[in-house]
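Inspection log for the structure reproduced underneath, given as structure tokens.
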Amino acid sequence: MSETIKKFLYLNRKAPYGTIYAWESLEVVLIGAAFDQDVSLAFVEDGVYQLTKDQDTTGIGMKNFSPTYAALGDYEVKKIFIEKESLDERGLTLDDLQHLVWEDEDDDWAEKDSIKLVSREEMTALMEDADVVFSF
Amino acid sequence: MKFAIQVNEGPYQHQASDSAYFFTKAALEKGHEVFRVFFYHDGVNNSSRLTTPPQDDRNIVNRWAELAEQHDLDMVVCVAAAQRRGVVDEGEMQRNGKDATNIHPRFRISGLGQLVEAAIQSDRLVVFGD
């Protein structure tokens with residue numbers, strides 16, 4: 001769709017509910033997938049809550065959109081970075097998050113992990129390295 | 001330099017739209033190019049022509065529209081965000097069976113692809129909001 005390939009970093013900073021930023025960010029990621037760019041997602045601060053397992057929104061009357069994250073692999077979104085310090089500060093570990101995978105067509109469609117835990121310092125380098133940072 | 005601007009907050013409630021306006025205006029006056037201003041989240045409310053601030057306050061909607069007029073600026077309102085928040089143009093009114101429109105004619109409603117395209121085409125995407 002476009003000749004230019006840029007490094008897109010979607011920076012997710014907010015809790016999944018309370019405000020609409022997280023949900024509308026995911027909508028940009030899904031639409032943006034059609035543009036064949038080099039896409040990474042990053043989750044920092046309260047944004048790490050977006051990927052927590054077993055979300056139940058019945059009490060707040062909002063749509064639980066968390067199952068959509070599991071479809072990201074089908075949209076060729078293979079690089080998802082979680083900031084370790086943000087998890088630590090909230091008493092969370094990777095086990096509290098969904099297990100997100102993508103299928104590698106060059107390796108007999110083997111399922112590979114999409115999520116990579118990175119330090120705050122590494123996260124800074126990721127932002128530095130990106131051509132475009134979509135901040136939500 | 002070529003800029004893309006993203007406005008994520010509504011008018012008056014939040015300073016983001018004011019800051020985005022002053023940034024865009026300054027960039028244009030310095031001779032830079034602004035490829036597009038994209039209004040997302042509550043930012044879509046910056047396009048309501050029905051906005052009526054007190055007389056001694058700035059009119060944020062008209063101010064954007066005048067800047068766009070002067071510099072032939074492309075101002076795009078996200079359709080999905082607009083539908084949720086009742087920002088309506090002629091096409092949306094007919095498609096969704098509504099009885100009115102409220103968008104200022106200097107803005108246009110389009111898809112999120114316009115934001116992604118702007119990010120690809122521009123040297124910098126500058127995001128205003130929380």
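Letters A, B, ... go to the chains of the structure tokens in the order shown; residues in each chain start at 1; ligands are counted from 1 in the same order.
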
Q. Got a sec: who's within 8 Å of Phe35 in chain B, counting only C-alpha atoms, leaving out chain neighbours fewer than 5 positions off, as number ranges by chain?
A. B: 2-4, 73-74, 118, 121-122

Selection near range 36-44 of chain A, 9 Å with only C-alpha atoms, sequence-local residues under 5 positions removed, as an mmCIF file with N, CA and C atoms, in the first residue's frame:
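Result file out.cif:
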data_model
loop_
_atom_site.group_PDB
_atom_site.id
_atom_site.type_symbol
_atom_site.label_atom_id
_atom_site.label_comp_id
_atom_site.auth_asym_id
_atom_site.auth_seq_id
_atom_site.Cartn_x
_atom_site.Cartn_y
_atom_site.Cartn_z
ATOM 1 N N MET A 1 0.827 -1.196 0.000
ATOM 2 C CA MET A 1 0.000 0.000 0.000
ATOM 3 C C MET A 1 0.866 1.253 0.000
ATOM 4 N N SER A 2 2.099 1.112 0.525
ATOM 5 C CA SER A 2 3.001 2.256 0.544
ATOM 6 C C SER A 2 4.409 1.767 0.312
ATOM 7 N N THR A 4 7.193 3.357 1.330
ATOM 8 C CA THR A 4 8.018 3.647 2.490
ATOM 9 C C THR A 4 7.704 2.656 3.606
ATOM 10 N N ILE A 5 8.749 2.097 4.190
ATOM 11 C CA ILE A 5 8.527 1.265 5.376
ATOM 12 C C ILE A 5 9.150 1.977 6.562
ATOM 13 N N LYS A 6 8.327 2.309 7.513
ATOM 14 C CA LYS A 6 8.828 2.992 8.702
ATOM 15 C C LYS A 6 8.685 2.101 9.924
ATOM 16 N N LYS A 7 9.489 2.404 10.937
ATOM 17 C CA LYS A 7 9.360 1.693 12.207
ATOM 18 C C LYS A 7 8.304 2.398 13.041
ATOM 19 N N PHE A 8 7.160 1.763 13.182
ATOM 20 C CA PHE A 8 6.055 2.291 13.975
ATOM 21 C C PHE A 8 6.139 1.718 15.390
ATOM 22 N N LEU A 9 6.057 2.577 16.381
ATOM 23 C CA LEU A 9 5.961 2.104 17.762
ATOM 24 C C LEU A 9 4.664 2.650 18.355
ATOM 25 N N TYR A 10 3.774 1.750 18.705
ATOM 26 C CA TYR A 10 2.545 2.146 19.393
ATOM 27 C C TYR A 10 2.810 2.052 20.892
ATOM 28 N N LEU A 11 2.804 3.205 21.553
ATOM 29 C CA LEU A 11 3.153 3.267 22.959
ATOM 30 C C LEU A 11 1.871 3.349 23.789
ATOM 31 N N ASN A 12 1.586 2.270 24.513
ATOM 32 C CA ASN A 12 0.347 2.194 25.288
ATOM 33 C C ASN A 12 0.651 2.440 26.756
ATOM 34 N N ARG A 13 0.085 3.533 27.289
ATOM 35 C CA ARG A 13 0.459 3.977 28.632
ATOM 36 C C ARG A 13 -0.683 3.911 29.642
ATOM 37 N N LYS A 14 -1.888 3.600 29.188
ATOM 38 C CA LYS A 14 -3.045 3.766 30.079
ATOM 39 C C LYS A 14 -3.787 2.467 30.341
ATOM 40 N N VAL A 29 -3.989 0.299 15.576
ATOM 41 C CA VAL A 29 -3.074 -0.808 15.270
ATOM 42 C C VAL A 29 -3.685 -1.729 14.212
ATOM 43 N N TYR A 49 -1.633 -3.129 32.243
ATOM 44 C CA TYR A 49 -2.912 -3.755 32.617
ATOM 45 C C TYR A 49 -3.736 -4.164 31.398
ATOM 46 N N GLN A 50 -3.467 -3.551 30.246
ATOM 47 C CA GLN A 50 -4.258 -3.871 29.051
ATOM 48 C C GLN A 50 -4.150 -5.346 28.680
ATOM 49 N N LEU A 51 -2.997 -5.949 28.998
ATOM 50 C CA LEU A 51 -2.763 -7.330 28.565
ATOM 51 C C LEU A 51 -3.037 -8.361 29.657
ATOM 52 N N GLU A 76 -0.030 -9.715 11.693
ATOM 53 C CA GLU A 76 1.420 -9.567 11.501
ATOM 54 C C GLU A 76 2.065 -8.653 12.543
ATOM 55 N N VAL A 77 1.421 -8.523 13.690
ATOM 56 C CA VAL A 77 2.041 -7.789 14.796
ATOM 57 C C VAL A 77 2.749 -8.821 15.658
ATOM 58 N N LYS A 78 4.083 -8.821 15.565
ATOM 59 C CA LYS A 78 4.867 -9.903 16.186
ATOM 60 C C LYS A 78 5.751 -9.409 17.314
ATOM 61 N N LYS A 79 5.854 -8.099 17.454
ATOM 62 C CA LYS A 79 6.789 -7.547 18.439
ATOM 63 C C LYS A 79 6.028 -6.741 19.489
ATOM 64 N N ILE A 80 5.895 -7.328 20.654
ATOM 65 C CA ILE A 80 5.182 -6.663 21.744
ATOM 66 C C ILE A 80 6.129 -6.565 22.943
ATOM 67 N N PHE A 81 6.432 -5.344 23.335
ATOM 68 C CA PHE A 81 7.417 -5.118 24.397
ATOM 69 C C PHE A 81 6.722 -4.656 25.675
ATOM 70 N N ILE A 82 7.042 -5.325 26.777
ATOM 71 C CA ILE A 82 6.471 -4.969 28.080
ATOM 72 C C ILE A 82 7.611 -4.456 28.959
ATOM 73 N N GLU A 83 7.370 -3.330 29.599
ATOM 74 C CA GLU A 83 8.415 -2.789 30.466
ATOM 75 C C GLU A 83 8.393 -3.473 31.842
ATOM 76 N N LYS A 84 9.536 -4.051 32.194
ATOM 77 C CA LYS A 84 9.621 -4.835 33.428
ATOM 78 C C LYS A 84 9.327 -3.990 34.668
ATOM 79 N N GLU A 85 9.914 -2.783 34.710
ATOM 80 C CA GLU A 85 9.704 -1.922 35.888
ATOM 81 C C GLU A 85 8.225 -1.602 36.093
ATOM 82 N N SER A 86 7.502 -1.427 34.991
ATOM 83 C CA SER A 86 6.070 -1.122 35.107
ATOM 84 C C SER A 86 5.309 -2.303 35.714
ATOM 85 N N LEU A 87 5.694 -3.526 35.316
ATOM 86 C CA LEU A 87 5.081 -4.718 35.916
ATOM 87 C C LEU A 87 5.423 -4.786 37.401
ATOM 88 N N ARG A 120 13.460 -0.575 31.461
ATOM 89 C CA ARG A 120 13.109 0.817 31.139
ATOM 90 C C ARG A 120 14.152 1.423 30.183
ATOM 91 N N MET A 123 13.531 0.153 26.800
ATOM 92 C CA MET A 123 12.328 0.798 26.254
ATOM 93 C C MET A 123 12.681 2.176 25.681
ATOM 94 N N LEU A 126 14.151 1.680 22.358
ATOM 95 C CA LEU A 126 13.127 1.347 21.353
ATOM 96 C C LEU A 126 12.461 2.608 20.819
ATOM 97 N N ALA A 130 12.594 4.229 16.930
ATOM 98 C CA ALA A 130 11.376 4.264 16.102
ATOM 99 C C ALA A 130 11.351 5.502 15.205
ATOM 100 N N ILE B 120 3.255 8.107 7.856
ATOM 101 C CA ILE B 120 4.219 7.581 6.883
ATOM 102 C C ILE B 120 4.798 8.719 6.030
#

**Q.** Shell around range 75-83 of chain B at 7 Å using only C-alpha atoms, local window under 6 positions removed, as a PyMOL selection string
**A.** chain B and resi 36-41+44+107-112

**Q.** Residue list (strand (DSSP E or B), DSSP) for chain B, as a list in words
**A.** Lys2, Phe3, Ala4, Ile5, Gln6, Val7, Glu33, Val34, Phe35, Arg36, Val37, Phe38, Phe39, Ser48, Met75, Val76, Val77, Cys78, Ile103, Arg108, Ile109, Ser110, Arg124, Leu125, Val126, Val127 and Phe128 of chain B

Q | Distance-based interface of chain A with chain B, 9 Å, counting only C-alpha atoms, as JSON, numbers by chain | A | {"A": [2, 4, 5, 6, 8, 20, 21, 24, 27, 28, 31, 32, 34, 35, 37, 131, 132, 133, 134, 135, 136]}

Residues of the last selection are to be written out with C-alpha atoms, as a PDB file, in the first residue's frame.
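Wrote it out as part_23.pdb, contents follow:
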ATOM      1  CA  SER A   2       3.001   2.256   0.544  1.00  0.00           C
ATOM      2  CA  THR A   4       8.018   3.647   2.490  1.00  0.00           C
ATOM      3  CA  ILE A   5       8.527   1.265   5.376  1.00  0.00           C
ATOM      4  CA  LYS A   6       8.828   2.992   8.702  1.00  0.00           C
ATOM      5  CA  PHE A   8       6.055   2.291  13.975  1.00  0.00           C
ATOM      6  CA  ILE A  20     -11.064   5.009  25.876  1.00  0.00           C
ATOM      7  CA  TYR A  21      -7.408   5.526  24.899  1.00  0.00           C
ATOM      8  CA  GLU A  24      -9.030   3.366  20.326  1.00  0.00           C
ATOM      9  CA  GLU A  27      -8.230   0.280  16.548  1.00  0.00           C
ATOM     10  CA  VAL A  28      -5.332   2.259  15.031  1.00  0.00           C
ATOM     11  CA  ILE A  31      -6.244  -0.436  10.691  1.00  0.00           C
ATOM     12  CA  GLY A  32      -2.529   0.386  10.467  1.00  0.00           C
ATOM     13  CA  ALA A  34      -2.964  -2.861   6.264  1.00  0.00           C
ATOM     14  CA  PHE A  35      -0.112  -0.416   5.572  1.00  0.00           C
ATOM     15  CA  GLN A  37       4.907  -1.062   8.158  1.00  0.00           C
ATOM     16  CA  ASP A 131      10.543   6.522  13.152  1.00  0.00           C
ATOM     17  CA  VAL A 132       7.044   7.170  14.450  1.00  0.00           C
ATOM     18  CA  VAL A 133       5.742   6.892  18.022  1.00  0.00           C
ATOM     19  CA  PHE A 134       1.966   6.734  18.354  1.00  0.00           C
ATOM     20  CA  SER A 135       1.432   7.651  21.968  1.00  0.00           C
ATOM     21  CA  PHE A 136      -1.800   6.570  23.652  1.00  0.00           C
TER      22      PHE A 136
END

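Note that the spacing between CA of Ala65 in chain B and CA of Arg106 in chain B amounts to 5.6 Å.
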
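Atom to atom, CA of Gly73 in chain A and CA of His99 in chain A stand 11.3 Å apart.
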
Q. Got a sec to tell me which of range 37-112 of chain B DSSP assigns to helix (DSSP H, G or I), as a ChimeraX atom specification?
A. /B:41-47,60-71,79-85,90-95

Store the residues of this selection in a file with C-alpha atoms, as a PDB file, in the first residue's frame.
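Below is the file that was written, out_39.pdb:
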ATOM      1  CA  HIS B  41     -10.536  10.355  20.646  1.00  0.00           C
ATOM      2  CA  ASP B  42     -12.440  13.360  22.129  1.00  0.00           C
ATOM      3  CA  GLY B  43     -10.409  15.513  19.749  1.00  0.00           C
ATOM      4  CA  VAL B  44     -13.199  14.996  17.207  1.00  0.00           C
ATOM      5  CA  ASN B  45     -15.268  17.506  19.216  1.00  0.00           C
ATOM      6  CA  ASN B  46     -12.969  20.273  17.955  1.00  0.00           C
ATOM      7  CA  SER B  47     -14.894  20.133  14.683  1.00  0.00           C
ATOM      8  CA  ILE B  60     -11.337  27.023  19.141  1.00  0.00           C
ATOM      9  CA  VAL B  61     -13.328  25.549  16.248  1.00  0.00           C
ATOM     10  CA  ASN B  62     -13.367  28.747  14.179  1.00  0.00           C
ATOM     11  CA  ARG B  63      -9.713  29.339  14.943  1.00  0.00           C
ATOM     12  CA  TRP B  64      -8.792  25.952  13.443  1.00  0.00           C
ATOM     13  CA  ALA B  65     -11.070  26.620  10.477  1.00  0.00           C
ATOM     14  CA  GLU B  66      -9.462  30.019   9.795  1.00  0.00           C
ATOM     15  CA  LEU B  67      -5.961  28.550   9.964  1.00  0.00           C
ATOM     16  CA  ALA B  68      -7.034  25.809   7.578  1.00  0.00           C
ATOM     17  CA  GLU B  69      -8.495  28.388   5.214  1.00  0.00           C
ATOM     18  CA  GLN B  70      -5.308  30.463   5.221  1.00  0.00           C
ATOM     19  CA  HIS B  71      -2.935  27.565   4.660  1.00  0.00           C
ATOM     20  CA  VAL B  79     -14.986   8.464  11.541  1.00  0.00           C
ATOM     21  CA  ALA B  80     -15.139   5.763  14.235  1.00  0.00           C
ATOM     22  CA  ALA B  81     -14.399   8.254  17.015  1.00  0.00           C
ATOM     23  CA  ALA B  82     -16.870  10.737  15.478  1.00  0.00           C
ATOM     24  CA  GLN B  83     -19.689   8.211  15.289  1.00  0.00           C
ATOM     25  CA  ARG B  84     -19.277   7.338  18.975  1.00  0.00           C
ATOM     26  CA  ARG B  85     -19.406  10.998  19.958  1.00  0.00           C
ATOM     27  CA  GLU B  90     -24.011  14.964   5.532  1.00  0.00           C
ATOM     28  CA  GLY B  91     -22.805  11.503   4.541  1.00  0.00           C
ATOM     29  CA  GLU B  92     -22.836  10.164   8.098  1.00  0.00           C
ATOM     30  CA  MET B  93     -26.272  11.645   8.690  1.00  0.00           C
ATOM     31  CA  GLN B  94     -27.695   9.743   5.753  1.00  0.00           C
ATOM     32  CA  ARG B  95     -25.789   6.520   6.423  1.00  0.00           C
TER      33      ARG B  95
END

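Comparing the minimum interatomic distances between Tyr12 in chain B and each of B:Asn59, B:Asn102, B:Asn96, B:Thr24, counting only C-alpha atoms, we find that B:Asn59 sits nearest.
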
Q: To one decimal in Å, tell me the separation between CA of Tyr69 in chain A and CA of Val87 in chain B.
A: 28.2 Å
